[in-house]
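What follows is a set of notes on a single structure, which appears directly below.
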Amino acid sequence: MIFPGATFGHHLIGLLPGYAGMEPGDTIQTLCNGVPGPQHVVQPDELTLRPIEIVFDREALKDLGTDNVSMSYTVTDRAGNESISSMALVMSLTL
């Protein structure tokens, strides 16, 4: 997951590249320091080369109570099979 724009108002947009076997209906669950963050359900029009945008709320990130945040995600397919967790991206936030 990458965050191309470090400056943000009330939201931070994360970009998640496509992954092998991505299908409409997959649920992407983000984790911020192990705490469930925003979810995103893959739509048919997102099966392209463009990354998927996931919106993080500024207040939710502030509520984590730390400047260093470990971001990762899991994917659950429509059959309920959950992937292993992605590699974590550790970032420093100044909110």
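Identifiers for the structure tokens are assigned positionally: chains receive A, B, ... in sequence, residues are indexed from 1 per chain, and ligands are indexed from 1 in the order shown.
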_List the spatial neighbours of segment 29-31 of chain A as a list in words - criterion: any atom at most 6 Å away, only C-alpha atoms, same-chain residues fewer than 6 positions off excluded._
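My reading of the contact set: Gly37, Pro38, Gln39, Met71, Ser72, Tyr73 and Thr74 of chain A.
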*Would you mind writing down, as a PyMOL selection string, each residue of segment 50-80 of chain A that DSSP on the backbone assigns to helix (DSSP H, G or I)?*
chain A and resi 58-62
Requested write-out: N, CA and C atoms of the selected residues, as a PDB file, in the first residue's frame:
```pdb
ATOM      1  N   ARG A  58      -8.787  10.857   9.031  1.00  0.00           N
ATOM      2  CA  ARG A  58      -7.757  11.508   9.842  1.00  0.00           C
ATOM      3  C   ARG A  58      -7.978  11.268  11.340  1.00  0.00           C
ATOM      4  N   GLU A  59      -9.208  11.416  11.795  1.00  0.00           N
ATOM      5  CA  GLU A  59      -9.493  11.245  13.224  1.00  0.00           C
ATOM      6  C   GLU A  59      -9.226   9.810  13.681  1.00  0.00           C
ATOM      7  N   ALA A  60      -9.551   8.841  12.844  1.00  0.00           N
ATOM      8  CA  ALA A  60      -9.289   7.441  13.198  1.00  0.00           C
ATOM      9  C   ALA A  60      -7.792   7.195  13.329  1.00  0.00           C
ATOM     10  N   LEU A  61      -6.996   7.813  12.455  1.00  0.00           N
ATOM     11  CA  LEU A  61      -5.540   7.670  12.549  1.00  0.00           C
ATOM     12  C   LEU A  61      -5.014   8.358  13.807  1.00  0.00           C
ATOM     13  N   LYS A  62      -5.575   9.508  14.142  1.00  0.00           N
ATOM     14  CA  LYS A  62      -5.160  10.202  15.368  1.00  0.00           C
ATOM     15  C   LYS A  62      -5.500   9.374  16.601  1.00  0.00           C
TER      16      LYS A  62
END
```
_Between atom CA of Val35 of chain A and atom CA of Ile13 of chain A, distance in Å (one decimal)_ =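 Result for atom CA of Val35 of chain A versus atom CA of Ile13 of chain A: 17.7 Å, one decimal.
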*With distances taken over only C-alpha atoms, which of A:Ser70, A:Pro24, A:His10, A:Ile52 is nearest to Leu89 of chain A?*
A:Ser70
*Which of these residues is nearest to Met91 of chain A, using only C-alpha atoms: A:Ala79, A:Leu16, A:Leu47, A:Cys32?*
A:Cys32
*Which value, in Å to one decimal, gives the distance between atom CA of Asp26 of chain A and atom CA of Asp57 of chain A?*
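Result for atom CA of Asp26 of chain A versus atom CA of Asp57 of chain A: 21.6 Å, one decimal.
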*Enumerate, as JSON, numbers by chain, the complete set of residues in chain A that a backbone-based DSSP assignment places in strand (DSSP E).*
{"A": [11, 12, 13, 14, 15, 16, 27, 28, 29, 30, 31, 32, 35, 36, 37, 38, 39, 40, 41, 52, 53, 54, 55, 56, 57, 68, 69, 70, 71, 72, 73, 74, 75, 76, 89, 90, 91, 92]}
*Go through A:Leu93, A:Ala20, A:Met87, A:Val41 one by one, measure the shortest atom-to-atom distance of each to Thr66 of chain A using only C-alpha atoms, and give the residue with the smallest value.*
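Among A:Leu93, A:Ala20, A:Met87, A:Val41, it is A:Leu93 that comes nearest to Thr66 of chain A.
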